[in-house]
Amino acid sequence: MSYAVNFFETHSVQTPNIDASEIEKFTVAGLEVSDYYLTYEKYSVLQNPFRKFPYYSAVNVNGKQFHKLKRASIFEGSERWAKDERIPPETQWGNALYNAKKYDFDRGHLVKREDVQWGNDEEIARSAARSTFYYTNAVPQVSKLNRGVWKRIENYILHHEVVKNDMKICMFSGPVFREDDPEFLKTVNDEVVRLPYLFWKVVYYVKNGTLHRAGFLTSQHRQMQKKRIIKPVSRSEESARVAHFNRFKDAETYQVTVSFIEQISQLSFEAAAEMFQNDDPERIILSRVNVRSSNNESVQLEAQANSMNLKL
């Protein structure tokens, strides 16, 4: 079962719509958008064949049926990432990018393997977890972001909210594709690779019979500069970028309105109520989301819910 629009008994949540200008690109290239909507176990993605990364992922999460599995138990042996054979290999980045010289990124899952680790038994959960290891479900992320506060907010949503409260959620994640996305320092297969530096997440849930949504945004641009894995840009270009996103501290996560995500991503989302209404992005403080991982990868949560600034 892939992403289900009618996952909630009382409300439907459609996948985001891409902008008309993106649809025109498909038409000009003689491609069908529907051919790049790829279904997996409990989630789906819409692949961007022009940037070779996904526009977004869409996943259903059922906290009541969650199974806690160690990462090492997902595969017999080492992890196996693969391209999706249903679309042309040249429309998706793979090992050539992630193993490139000067590369210092993680394969950043859009759908976390844990998000789909639910079902009637552990084997169903394990099979779904394996299905998240496709390159169509990954975007390059620096380790400070992928393993830092972005991961912690993901863990907070999954473990403290969804699993702890036996909730169901529909969640969408993706990069922001911008014309000023920086170029990777090296070409890959003689191609220029532009790396997204903004990432968003939108969570839908039902509360008191009403459909709600919450949005989050993060950036990795300065971290990419610091690691010297992107080409330098002129001062004027950098000034323009900083001026536009001067409210964001690099490698931090912010709560934002979904309309703000719609504005910068050129995607449109299902309408719903929002607890967070501030026009200014609100930084999520790590001390308020205290997520610690032990050696056996179990996640212990001591979230101070009363002082939490997440509006869920």
# chains A, B, ... in the order shown; residues from 1 in each chain; ligands from 1
$ residues_around --residues "A:Ala129" --least-positions-apart "6" --cutoff "7 Å" --atoms "only C-alpha atoms" --output "ChimeraX atom specification"
/A:74,113-114,116-117
$ write_last_selection --atoms "C-alpha atoms" --output "PDB file, in the first residue's frame"
ATOM      1  CA  ILE A  74      16.620  -4.014   8.084  1.00  0.00           C
ATOM      2  CA  ARG A 113      12.849   4.455   7.493  1.00  0.00           C
ATOM      3  CA  GLU A 114      11.123   4.560  10.896  1.00  0.00           C
ATOM      4  CA  VAL A 116       6.995   3.319   7.623  1.00  0.00           C
ATOM      5  CA  GLN A 117       7.916   0.820  10.343  1.00  0.00           C
TER       6      GLN A 117
END
$ select_by_dssp --residues "stretch 87-216 of chain A" --states "helix (DSSP H, G or I)" --output "number ranges by chain"
A: 89-91, 95-98, 113-116, 122-130, 135-137, 143-146, 149-163
$ residues_around --residues "stretch 57-64 of chain A" --least-positions-apart "4" --cutoff "8 Å" --atoms "only C-alpha atoms" --output "VMD selection string"
chain A and resid 2 to 4 7 15 42 to 46 110 to 111 115 to 116 118 137 158 162 to 174
$ atom_distance --atom1 "atom CA of A:Met224" --atom2 "atom CA of A:Asn189"
21.0 Å
